[in-house]
Amino acid sequence: GVTRVSLGCQSFDDEALEAAGRAHRRQDALDAVQAVKRVGPRHGWSLDLISGLPGTTPEGWMETLHEAHSLNPPHVSSYDLQVEEGTAFGKWYSDGESNGRPPLPQDEESADAYRVASSFWRSRGYLHYEVSSYARTEGEKSRHNSAYWKPRASWLGLGLGAASSEQGARFSRPRKMKDYEAWVADGAIVPESSPPHGADALEDELLTSLRTAAGIDLTRVRDVYSSEYERAVRRGAQEAIELGLAVVEGEVLKLTDPDGFLFS
């Protein structure tokens, strides 16, 4: 059965939710939280928040954070709005224009919202264990999310556009319903693929591991890939270290929180 629930509250600001074209409002989100609490999923539940929504002010974002915290969530995922081509936001804010809609925050305002969220949750005892993820305790980290950041991980994704991985070999299902139906009618055959190797595998591991507070163990880079690759990683990280965006603790390379995570 269902053992964990993530609630896409996104904001507790009704004006921001309306500007973002969302169907729900603050009270709907609060009602959903109470419903989930009554059920009590075995592996807990999570609140999903989005900073950088149209018309959001620093004060409004702080109010959302305070309201979220008042619900005592075991886990919080806090994302920054990404405007991508082909999405509703991409159409609404084409060519950098708001087209009569509330404006999007400037880049530095979005970065500040990330910094505020990181400081807010960490100051209340939450573990910022991944770029967008906060857990109330060690045992309440999302096992599902954490799998994505491990080398050669395996997971199964179902539905339109869902990605799966088999020990690092990845496959995405068709994104459009028509294509998905045709794929299923043809037997839902998964194309053969191989996990990345060599430099490609190391690049993949760097991109995923550095999203986490645990970072990447440089001795593993040396043992699994080569001492040459380890030296290359150290050289590549030097500028980030000098800028305060990364640190090496013992033999572990990590991004700093929050500015290093922002850089990622």
# chains A, B, ... in the order shown; residues from 1 in each chain; ligands from 1
call {"tool": "residues_around", "arguments": {"residues": "A:Gly55", "least_positions_apart": "6", "cutoff": "8 Å", "atoms": "only C-alpha atoms", "output": "list in words"}}
result
Glu15, Ala16, Ala19, Pro102, Pro103, Leu104 and Pro105 of chain A
call {"tool": "write_last_selection", "arguments": {"atoms": "N, CA, C and O atoms", "output": "PDB file, in the first residue's frame"}}
result
ATOM      1  N   GLU A  15      -2.711  34.476  -2.950  1.00  0.00           N
ATOM      2  CA  GLU A  15      -2.448  35.293  -4.135  1.00  0.00           C
ATOM      3  C   GLU A  15      -1.366  34.664  -5.001  1.00  0.00           C
ATOM      4  O   GLU A  15      -1.464  34.661  -6.234  1.00  0.00           O
ATOM      5  N   ALA A  16      -0.337  34.111  -4.362  1.00  0.00           N
ATOM      6  CA  ALA A  16       0.730  33.445  -5.121  1.00  0.00           C
ATOM      7  C   ALA A  16       0.203  32.190  -5.802  1.00  0.00           C
ATOM      8  O   ALA A  16       0.551  31.904  -6.959  1.00  0.00           O
ATOM      9  N   ALA A  19      -1.844  33.295  -8.806  1.00  0.00           N
ATOM     10  CA  ALA A  19      -0.973  33.787  -9.875  1.00  0.00           C
ATOM     11  C   ALA A  19      -0.244  32.645 -10.572  1.00  0.00           C
ATOM     12  O   ALA A  19       0.082  32.723 -11.757  1.00  0.00           O
ATOM     13  N   PRO A 102       1.431  38.857 -12.533  1.00  0.00           N
ATOM     14  CA  PRO A 102       2.383  39.315 -11.508  1.00  0.00           C
ATOM     15  C   PRO A 102       3.807  38.938 -11.897  1.00  0.00           C
ATOM     16  O   PRO A 102       4.032  37.850 -12.445  1.00  0.00           O
ATOM     17  N   PRO A 103       4.766  39.802 -11.654  1.00  0.00           N
ATOM     18  CA  PRO A 103       6.137  39.534 -12.112  1.00  0.00           C
ATOM     19  C   PRO A 103       6.804  38.399 -11.337  1.00  0.00           C
ATOM     20  O   PRO A 103       6.472  38.135 -10.181  1.00  0.00           O
ATOM     21  N   LEU A 104       7.735  37.744 -12.023  1.00  0.00           N
ATOM     22  CA  LEU A 104       8.571  36.754 -11.347  1.00  0.00           C
ATOM     23  C   LEU A 104       9.685  37.473 -10.580  1.00  0.00           C
ATOM     24  O   LEU A 104      10.124  38.545 -10.983  1.00  0.00           O
ATOM     25  N   PRO A 105      10.143  36.882  -9.474  1.00  0.00           N
ATOM     26  CA  PRO A 105      11.263  37.496  -8.758  1.00  0.00           C
ATOM     27  C   PRO A 105      12.515  37.540  -9.628  1.00  0.00           C
ATOM     28  O   PRO A 105      12.700  36.716 -10.525  1.00  0.00           O
TER      29      PRO A 105
END
call {"tool": "select_by_dssp", "arguments": {"residues": "stretch 37-199 of chain A", "states": "alpha helix (DSSP H)", "output": "short mmCIF file (atom, residue, chain, number, x, y, z; two decimals) with N, CA, C and O atoms, in the first residue's frame"}}
result
data_model
loop_
_atom_site.label_atom_id
_atom_site.label_comp_id
_atom_site.auth_asym_id
_atom_site.auth_seq_id
_atom_site.Cartn_x
_atom_site.Cartn_y
_atom_site.Cartn_z
N LYS A 37 -2.34 13.48 8.32
CA LYS A 37 -1.98 13.21 9.72
C LYS A 37 -2.91 12.18 10.35
O LYS A 37 -2.48 11.34 11.15
N ARG A 38 -4.19 12.23 9.99
CA ARG A 38 -5.14 11.25 10.55
C ARG A 38 -4.80 9.84 10.09
O ARG A 38 -4.91 8.89 10.85
N VAL A 39 -4.39 9.72 8.84
CA VAL A 39 -4.03 8.40 8.31
C VAL A 39 -2.70 7.92 8.90
O VAL A 39 -2.55 6.75 9.25
N PRO A 58 9.31 38.75 -0.12
CA PRO A 58 10.08 38.13 0.96
C PRO A 58 9.22 37.89 2.20
O PRO A 58 9.35 36.86 2.86
N GLU A 59 8.32 38.83 2.49
CA GLU A 59 7.44 38.67 3.66
C GLU A 59 6.48 37.52 3.46
O GLU A 59 6.23 36.74 4.37
N GLY A 60 5.94 37.41 2.24
CA GLY A 60 5.01 36.33 1.96
C GLY A 60 5.68 34.97 2.01
O GLY A 60 5.10 33.99 2.49
N TRP A 61 6.93 34.89 1.54
CA TRP A 61 7.68 33.63 1.59
C TRP A 61 7.96 33.25 3.04
O TRP A 61 7.82 32.09 3.42
N MET A 62 8.31 34.21 3.87
CA MET A 62 8.56 33.92 5.28
C MET A 62 7.29 33.45 5.97
O MET A 62 7.32 32.53 6.81
N GLU A 63 6.15 34.04 5.63
CA GLU A 63 4.89 33.59 6.21
C GLU A 63 4.59 32.15 5.82
O GLU A 63 4.10 31.36 6.64
N THR A 64 4.88 31.79 4.57
CA THR A 64 4.69 30.39 4.13
C THR A 64 5.57 29.46 4.93
O THR A 64 5.14 28.38 5.37
N LEU A 65 6.83 29.84 5.16
CA LEU A 65 7.74 29.00 5.92
C LEU A 65 7.23 28.82 7.36
O LEU A 65 7.25 27.70 7.90
N HIS A 66 6.77 29.90 7.97
CA HIS A 66 6.27 29.81 9.35
C HIS A 66 5.03 28.92 9.41
O HIS A 66 4.89 28.10 10.34
N GLU A 67 4.14 29.06 8.44
CA GLU A 67 2.93 28.23 8.46
C GLU A 67 3.28 26.77 8.23
O GLU A 67 2.72 25.87 8.87
N ALA A 68 4.22 26.53 7.33
CA ALA A 68 4.66 25.15 7.10
C ALA A 68 5.25 24.54 8.38
O ALA A 68 4.93 23.41 8.75
N HIS A 69 6.08 25.31 9.08
CA HIS A 69 6.70 24.80 10.29
C HIS A 69 5.67 24.53 11.38
O HIS A 69 5.82 23.58 12.17
N SER A 70 4.61 25.33 11.43
CA SER A 70 3.58 25.15 12.46
C SER A 70 2.88 23.80 12.31
O SER A 70 2.27 23.30 13.27
N ALA A 88 3.20 26.00 -18.94
CA ALA A 88 2.32 27.16 -18.80
C ALA A 88 3.12 28.40 -18.44
O ALA A 88 2.90 29.50 -18.99
N PHE A 89 4.09 28.24 -17.52
CA PHE A 89 4.90 29.40 -17.13
C PHE A 89 5.73 29.90 -18.31
O PHE A 89 5.94 31.09 -18.47
N GLY A 90 6.22 28.96 -19.13
CA GLY A 90 6.99 29.34 -20.29
C GLY A 90 6.18 30.19 -21.26
O GLY A 90 6.70 31.12 -21.90
N LYS A 91 4.88 29.89 -21.38
CA LYS A 91 4.01 30.67 -22.25
C LYS A 91 3.66 32.02 -21.62
O LYS A 91 3.63 33.05 -22.29
N TRP A 92 3.40 31.99 -20.31
CA TRP A 92 3.00 33.22 -19.62
C TRP A 92 4.12 34.24 -19.58
O TRP A 92 3.88 35.45 -19.64
N ASP A 107 16.62 37.13 -10.23
CA ASP A 107 17.48 36.00 -9.85
C ASP A 107 18.01 36.14 -8.42
O ASP A 107 18.03 35.16 -7.67
N GLU A 108 18.45 37.34 -8.06
CA GLU A 108 19.02 37.52 -6.72
C GLU A 108 17.94 37.38 -5.65
O GLU A 108 18.20 36.87 -4.55
N GLU A 109 16.72 37.79 -5.97
CA GLU A 109 15.61 37.59 -5.03
C GLU A 109 15.32 36.10 -4.84
O GLU A 109 15.05 35.66 -3.72
N SER A 110 15.39 35.34 -5.92
CA SER A 110 15.18 33.90 -5.82
C SER A 110 16.29 33.25 -5.00
O SER A 110 16.04 32.35 -4.20
N ALA A 111 17.52 33.71 -5.22
CA ALA A 111 18.65 33.18 -4.45
C ALA A 111 18.47 33.49 -2.97
O ALA A 111 18.73 32.64 -2.10
N ASP A 112 18.01 34.70 -2.66
CA ASP A 112 17.78 35.07 -1.26
C ASP A 112 16.70 34.20 -0.64
O ASP A 112 16.80 33.82 0.54
N ALA A 113 15.65 33.87 -1.42
CA ALA A 113 14.59 33.01 -0.90
C ALA A 113 15.14 31.64 -0.54
O ALA A 113 14.74 31.03 0.47
N TYR A 114 16.08 31.14 -1.34
CA TYR A 114 16.72 29.86 -1.03
C TYR A 114 17.53 29.96 0.26
O TYR A 114 17.45 29.09 1.13
N ARG A 115 18.30 31.04 0.38
CA ARG A 115 19.11 31.23 1.59
C ARG A 115 18.22 31.33 2.84
O ARG A 115 18.53 30.76 3.89
N VAL A 116 17.12 32.05 2.70
CA VAL A 116 16.20 32.21 3.83
C VAL A 116 15.62 30.87 4.25
O VAL A 116 15.55 30.55 5.44
N ALA A 117 15.21 30.06 3.27
CA ALA A 117 14.63 28.75 3.58
C ALA A 117 15.66 27.85 4.27
O ALA A 117 15.34 27.17 5.26
N SER A 118 16.89 27.85 3.77
CA SER A 118 17.93 27.02 4.38
C SER A 118 18.17 27.43 5.83
O SER A 118 18.22 26.59 6.73
N SER A 119 18.31 28.73 6.05
CA SER A 119 18.54 29.22 7.41
C SER A 119 17.35 28.91 8.31
O SER A 119 17.52 28.51 9.47
N PHE A 120 16.14 29.11 7.78
CA PHE A 120 14.93 28.90 8.56
C PHE A 120 14.84 27.46 9.07
O PHE A 120 14.66 27.22 10.28
N TRP A 121 14.95 26.51 8.17
CA TRP A 121 14.77 25.10 8.59
C TRP A 121 15.93 24.60 9.43
O TRP A 121 15.72 23.87 10.42
N ARG A 122 17.15 24.99 9.09
CA ARG A 122 18.29 24.52 9.89
C ARG A 122 18.25 25.09 11.30
O ARG A 122 18.62 24.42 12.26
N SER A 123 17.80 26.35 11.43
CA SER A 123 17.74 26.96 12.76
C SER A 123 16.68 26.30 13.64
O SER A 123 16.69 26.46 14.86
N ARG A 143 13.83 8.09 1.85
CA ARG A 143 14.60 7.00 1.24
C ARG A 143 14.44 7.02 -0.27
O ARG A 143 15.37 6.69 -1.01
N HIS A 144 13.26 7.39 -0.72
CA HIS A 144 13.00 7.45 -2.16
C HIS A 144 13.90 8.50 -2.82
O HIS A 144 14.62 8.23 -3.78
N ASN A 145 13.85 9.74 -2.30
CA ASN A 145 14.67 10.81 -2.87
C ASN A 145 16.16 10.49 -2.78
O ASN A 145 16.92 10.75 -3.71
N SER A 146 16.56 9.92 -1.66
CA SER A 146 17.98 9.66 -1.44
C SER A 146 18.54 8.67 -2.45
O SER A 146 19.74 8.71 -2.77
N ALA A 147 17.70 7.78 -2.95
CA ALA A 147 18.17 6.79 -3.92
C ALA A 147 18.70 7.45 -5.19
O ALA A 147 19.63 6.94 -5.82
N MET A 177 0.65 11.28 -24.00
CA MET A 177 -0.25 10.15 -23.85
C MET A 177 -0.34 9.32 -25.13
O MET A 177 -0.33 8.09 -25.09
N LYS A 178 -0.42 10.00 -26.27
CA LYS A 178 -0.52 9.27 -27.53
C LYS A 178 0.70 8.37 -27.73
O LYS A 178 0.57 7.20 -28.13
N ASP A 179 1.88 8.90 -27.48
CA ASP A 179 3.11 8.12 -27.62
C ASP A 179 3.17 7.00 -26.58
O ASP A 179 3.64 5.90 -26.86
N TYR A 180 2.69 7.31 -25.38
CA TYR A 180 2.71 6.31 -24.30
C TYR A 180 1.80 5.14 -24.66
O TYR A 180 2.16 3.97 -24.49
N GLU A 181 0.60 5.45 -25.16
CA GLU A 181 -0.34 4.39 -25.53
C GLU A 181 0.24 3.52 -26.64
O GLU A 181 0.08 2.29 -26.63
N ALA A 182 0.90 4.16 -27.61
CA ALA A 182 1.50 3.39 -28.71
C ALA A 182 2.62 2.50 -28.19
O ALA A 182 2.77 1.35 -28.63
N TRP A 183 3.41 3.02 -27.24
CA TRP A 183 4.50 2.25 -26.65
C TRP A 183 3.96 1.02 -25.91
O TRP A 183 4.48 -0.08 -26.05
N VAL A 184 2.88 1.21 -25.14
CA VAL A 184 2.26 0.10 -24.43
C VAL A 184 1.69 -0.92 -25.42
O VAL A 184 1.86 -2.14 -25.26
N ALA A 185 1.04 -0.43 -26.48
CA ALA A 185 0.45 -1.32 -27.49
C ALA A 185 1.52 -2.16 -28.18
O ALA A 185 1.25 -3.31 -28.60
N GLY A 198 33.71 5.14 -16.85
CA GLY A 198 34.84 6.05 -16.90
C GLY A 198 34.48 7.46 -16.52
O GLY A 198 33.80 7.72 -15.52
N ALA A 199 34.92 8.42 -17.36
CA ALA A 199 34.69 9.84 -17.06
C ALA A 199 33.21 10.17 -16.99
O ALA A 199 32.79 11.00 -16.17
#
call {"tool": "residues_around", "arguments": {"residues": "A:Ser78", "least_positions_apart": "4", "cutoff": "9 Å", "atoms": "only C-alpha atoms", "output": "short mmCIF file (atom, residue, chain, number, x, y, z; two decimals) with C-alpha atoms, in the first residue's frame"}}
result
data_model
loop_
_atom_site.label_atom_id
_atom_site.label_comp_id
_atom_site.auth_asym_id
_atom_site.auth_seq_id
_atom_site.Cartn_x
_atom_site.Cartn_y
_atom_site.Cartn_z
CA GLN A 10 3.77 24.94 -2.80
CA LEU A 47 5.48 19.13 2.42
CA ASP A 48 6.57 20.42 -0.98
CA LEU A 49 7.11 24.19 -1.19
CA ILE A 50 8.09 26.38 -4.14
CA SER A 51 9.89 29.70 -3.83
CA TYR A 114 16.72 29.86 -1.03
CA ALA A 117 14.63 28.75 3.58
CA VAL A 131 19.90 20.72 -2.10
CA SER A 132 16.10 20.83 -1.84
CA SER A 133 15.42 18.45 1.05
CA TYR A 134 15.07 18.91 4.81
#
call {"tool": "closest_atom_pairs", "arguments": {"of": "stretch 133-184 of chain A", "to": "stretch 203-209 of chain A", "cutoff": "12 Å", "atoms": "only C-alpha atoms", "output": "tab-separated table"}}
result
residue	atom	partner	partner_atom	distance
A:Asn145	CA	A:Thr208	CA	11.4
A:Ser146	CA	A:Thr208	CA	10.0
A:Ala147	CA	A:Thr208	CA	10.1
A:Tyr148	CA	A:Thr208	CA	7.5
A:Trp149	CA	A:Thr208	CA	4.7
A:Lys150	CA	A:Ser209	CA	6.8
A:Pro151	CA	A:Glu205	CA	5.7
A:Arg152	CA	A:Glu205	CA	8.6
A:Ala153	CA	A:Glu205	CA	10.5
A:Gly168	CA	A:Asp204	CA	9.2
A:Ala169	CA	A:Asp204	CA	11.4
A:Arg170	CA	A:Asp204	CA	11.8
call {"tool": "write_last_selection", "arguments": {"atoms": "N, CA and C atoms", "output": "compact mmCIF listing (two decimals), in the first residue's frame"}}
result
# COMPACT_ATOMS: atom_id res chain seq x y z
N ASN A 145 13.85 9.74 -2.30
CA ASN A 145 14.67 10.81 -2.87
C ASN A 145 16.16 10.49 -2.78
N SER A 146 16.56 9.92 -1.66
CA SER A 146 17.98 9.66 -1.44
C SER A 146 18.54 8.67 -2.45
N ALA A 147 17.70 7.78 -2.95
CA ALA A 147 18.17 6.79 -3.92
C ALA A 147 18.70 7.45 -5.19
N TYR A 148 18.12 8.59 -5.55
CA TYR A 148 18.54 9.25 -6.78
C TYR A 148 19.98 9.73 -6.74
N TRP A 149 20.49 9.98 -5.55
CA TRP A 149 21.80 10.61 -5.44
C TRP A 149 22.92 9.60 -5.16
N LYS A 150 22.61 8.32 -5.25
CA LYS A 150 23.63 7.29 -5.02
C LYS A 150 24.12 6.74 -6.35
N PRO A 151 25.42 6.44 -6.46
CA PRO A 151 25.95 5.91 -7.72
C PRO A 151 25.36 4.54 -8.04
N ARG A 152 25.04 4.35 -9.32
CA ARG A 152 24.53 3.08 -9.84
C ARG A 152 23.27 2.63 -9.09
N ALA A 153 22.42 3.60 -8.77
CA ALA A 153 21.19 3.29 -8.04
C ALA A 153 20.15 2.70 -8.99
N GLY A 168 22.17 2.39 -12.68
CA GLY A 168 22.76 3.51 -13.41
C GLY A 168 22.38 3.60 -14.87
N ALA A 169 21.84 2.52 -15.44
CA ALA A 169 21.35 2.56 -16.82
C ALA A 169 19.93 3.13 -16.80
N ARG A 170 19.71 4.25 -17.46
CA ARG A 170 18.46 4.98 -17.31
C ARG A 170 17.57 4.89 -18.54
call {"tool": "select_by_dssp", "arguments": {"residues": "stretch 59-250 of chain A", "states": "strand (DSSP E or B)", "output": "PyMOL selection string"}}
result
chain A and resi 75-80+127-130+133-135+155+163-166+169-172+212+216-217+246-249
call {"tool": "write_last_selection", "arguments": {"atoms": "C-alpha atoms", "output": "compact mmCIF listing (two decimals), in the first residue's frame"}}
result
# COMPACT_ATOMS: atom_id res chain seq x y z
CA HIS A 75 10.11 16.28 5.89
CA VAL A 76 10.13 19.35 3.65
CA SER A 77 11.13 19.69 0.00
CA SER A 78 11.69 23.31 -1.01
CA TYR A 79 12.18 24.00 -4.70
CA ASP A 80 12.81 27.14 -6.71
CA LEU A 127 18.74 18.46 8.51
CA HIS A 128 19.48 20.02 5.13
CA TYR A 129 20.66 16.76 3.64
CA GLU A 130 20.16 17.54 -0.06
CA SER A 133 15.42 18.45 1.05
CA TYR A 134 15.07 18.91 4.81
CA ALA A 135 14.36 16.19 7.37
CA TRP A 155 14.48 2.67 -9.10
CA ALA A 163 12.45 7.91 -15.49
CA SER A 164 13.78 4.59 -14.24
CA SER A 165 17.28 3.39 -13.49
CA GLU A 166 18.78 -0.08 -13.34
CA ALA A 169 21.35 2.56 -16.82
CA ARG A 170 18.46 4.98 -17.31
CA PHE A 171 15.27 4.95 -19.34
CA SER A 172 12.42 7.45 -19.61
CA THR A 212 23.90 16.13 -0.91
CA ILE A 216 31.70 12.81 -2.43
CA ASP A 217 34.53 10.79 -0.89
CA ALA A 246 32.98 24.14 -1.44
CA VAL A 247 35.12 22.60 1.28
CA VAL A 248 37.19 19.45 1.71
CA GLU A 249 36.67 17.87 5.12
call {"tool": "residues_around", "arguments": {"residues": "A:Ala35", "least_positions_apart": "6", "cutoff": "12 Å", "atoms": "only C-alpha atoms", "output": "NGL selection string"}}
result
:A and (5 or 7 or 28-29 or 41 or 45)
call {"tool": "closest_residue", "arguments": {"among": "A:Leu202, A:Val221, A:Val83, A:Leu243", "to": "A:Ser98", "atoms": "only C-alpha atoms"}}
result
A:Val83
call {"tool": "atom_distance", "arguments": {"atom1": "atom CA of A:Thr56", "atom2": "atom CA of A:Asp259"}}
result
21.4 Å
call {"tool": "residues_around", "arguments": {"residues": "A:Gly159", "least_positions_apart": "5", "cutoff": "9 Å", "atoms": "only C-alpha atoms", "output": "PyMOL selection string"}}
result
chain A and resi 173-175+180
call {"tool": "atom_distance", "arguments": {"atom1": "atom CA of A:Phe263", "atom2": "atom CA of A:Glu138"}}
result
25.1 Å
call {"tool": "closest_residue", "arguments": {"among": "A:Ser142, A:Gln167, A:Ala214, A:Lys254", "to": "A:Pro196", "atoms": "only C-alpha atoms"}}
result
A:Gln167
call {"tool": "closest_residue", "arguments": {"among": "A:Gly187, A:Glu140, A:Glu18, A:Leu71", "to": "A:Leu30", "atoms": "only C-alpha atoms"}}
result
A:Leu71
call {"tool": "closest_residue", "arguments": {"among": "A:Ala213, A:Leu218, A:Val36, A:Leu255", "to": "A:Arg231", "atoms": "only C-alpha atoms"}}
result
A:Leu218
call {"tool": "decode", "arguments": {"residues": "stretch 41-65 of chain A", "atoms": "N, CA and C atoms", "output": "mmCIF file, in the first residue's frame"}}
result
data_model
loop_
_atom_site.group_PDB
_atom_site.id
_atom_site.type_symbol
_atom_site.label_atom_id
_atom_site.label_comp_id
_atom_site.auth_asym_id
_atom_site.auth_seq_id
_atom_site.Cartn_x
_atom_site.Cartn_y
_atom_site.Cartn_z
ATOM 1 N N PRO A 41 0.768 7.817 7.484
ATOM 2 C CA PRO A 41 1.523 6.876 6.654
ATOM 3 C C PRO A 41 2.737 6.318 7.396
ATOM 4 N N ARG A 42 2.991 5.056 7.165
ATOM 5 C CA ARG A 42 4.039 4.349 7.927
ATOM 6 C C ARG A 42 5.405 5.021 7.780
ATOM 7 N N HIS A 43 5.723 5.536 6.609
ATOM 8 C CA HIS A 43 7.015 6.175 6.383
ATOM 9 C C HIS A 43 6.902 7.703 6.347
ATOM 10 N N GLY A 44 5.840 8.221 6.952
ATOM 11 C CA GLY A 44 5.736 9.662 7.132
ATOM 12 C C GLY A 44 5.180 10.400 5.927
ATOM 13 N N TRP A 45 5.320 11.705 5.981
ATOM 14 C CA TRP A 45 4.802 12.552 4.912
ATOM 15 C C TRP A 45 5.706 13.763 4.755
ATOM 16 N N SER A 46 5.537 14.444 3.632
ATOM 17 C CA SER A 46 6.404 15.568 3.316
ATOM 18 C C SER A 46 5.590 16.718 2.750
ATOM 19 N N LEU A 47 6.040 17.938 3.033
ATOM 20 C CA LEU A 47 5.476 19.134 2.422
ATOM 21 C C LEU A 47 6.387 19.577 1.278
ATOM 22 N N ASP A 48 5.813 19.858 0.130
ATOM 23 C CA ASP A 48 6.566 20.423 -0.983
ATOM 24 C C ASP A 48 6.237 21.904 -1.095
ATOM 25 N N LEU A 49 7.271 22.744 -1.064
ATOM 26 C CA LEU A 49 7.113 24.189 -1.190
ATOM 27 C C LEU A 49 7.866 24.676 -2.422
ATOM 28 N N ILE A 50 7.414 25.789 -2.991
ATOM 29 C CA ILE A 50 8.095 26.378 -4.143
ATOM 30 C C ILE A 50 8.325 27.862 -3.878
ATOM 31 N N SER A 51 9.578 28.270 -3.920
ATOM 32 C CA SER A 51 9.892 29.698 -3.825
ATOM 33 C C SER A 51 9.931 30.281 -5.235
ATOM 34 N N GLY A 52 9.866 31.595 -5.314
ATOM 35 C CA GLY A 52 9.958 32.257 -6.610
ATOM 36 C C GLY A 52 8.680 32.259 -7.412
ATOM 37 N N LEU A 53 7.530 31.991 -6.765
ATOM 38 C CA LEU A 53 6.263 32.062 -7.486
ATOM 39 C C LEU A 53 5.948 33.516 -7.837
ATOM 40 N N PRO A 54 5.179 33.752 -8.893
ATOM 41 C CA PRO A 54 4.877 35.137 -9.303
ATOM 42 C C PRO A 54 4.245 35.940 -8.166
ATOM 43 N N GLY A 55 4.729 37.152 -8.014
ATOM 44 C CA GLY A 55 4.152 38.054 -7.029
ATOM 45 C C GLY A 55 4.535 37.773 -5.590
ATOM 46 N N THR A 56 5.359 36.743 -5.358
ATOM 47 C CA THR A 56 5.759 36.417 -3.988
ATOM 48 C C THR A 56 6.733 37.466 -3.462
ATOM 49 N N THR A 57 6.485 37.956 -2.265
ATOM 50 C CA THR A 57 7.383 38.902 -1.611
ATOM 51 C C THR A 57 8.210 38.167 -0.562
ATOM 52 N N PRO A 58 9.315 38.749 -0.124
ATOM 53 C CA PRO A 58 10.079 38.133 0.964
ATOM 54 C C PRO A 58 9.217 37.891 2.201
ATOM 55 N N GLU A 59 8.320 38.831 2.490
ATOM 56 C CA GLU A 59 7.445 38.673 3.656
ATOM 57 C C GLU A 59 6.475 37.518 3.455
ATOM 58 N N GLY A 60 5.943 37.412 2.244
ATOM 59 C CA GLY A 60 5.014 36.327 1.956
ATOM 60 C C GLY A 60 5.685 34.966 2.010
ATOM 61 N N TRP A 61 6.931 34.888 1.541
ATOM 62 C CA TRP A 61 7.680 33.632 1.591
ATOM 63 C C TRP A 61 7.961 33.247 3.042
ATOM 64 N N MET A 62 8.314 34.212 3.872
ATOM 65 C CA MET A 62 8.563 33.921 5.276
ATOM 66 C C MET A 62 7.290 33.448 5.973
ATOM 67 N N GLU A 63 6.150 34.043 5.627
ATOM 68 C CA GLU A 63 4.887 33.592 6.209
ATOM 69 C C GLU A 63 4.586 32.149 5.820
ATOM 70 N N THR A 64 4.880 31.791 4.570
ATOM 71 C CA THR A 64 4.688 30.395 4.134
ATOM 72 C C THR A 64 5.574 29.458 4.932
ATOM 73 N N LEU A 65 6.825 29.843 5.158
ATOM 74 C CA LEU A 65 7.739 28.998 5.925
ATOM 75 C C LEU A 65 7.230 28.822 7.357
#
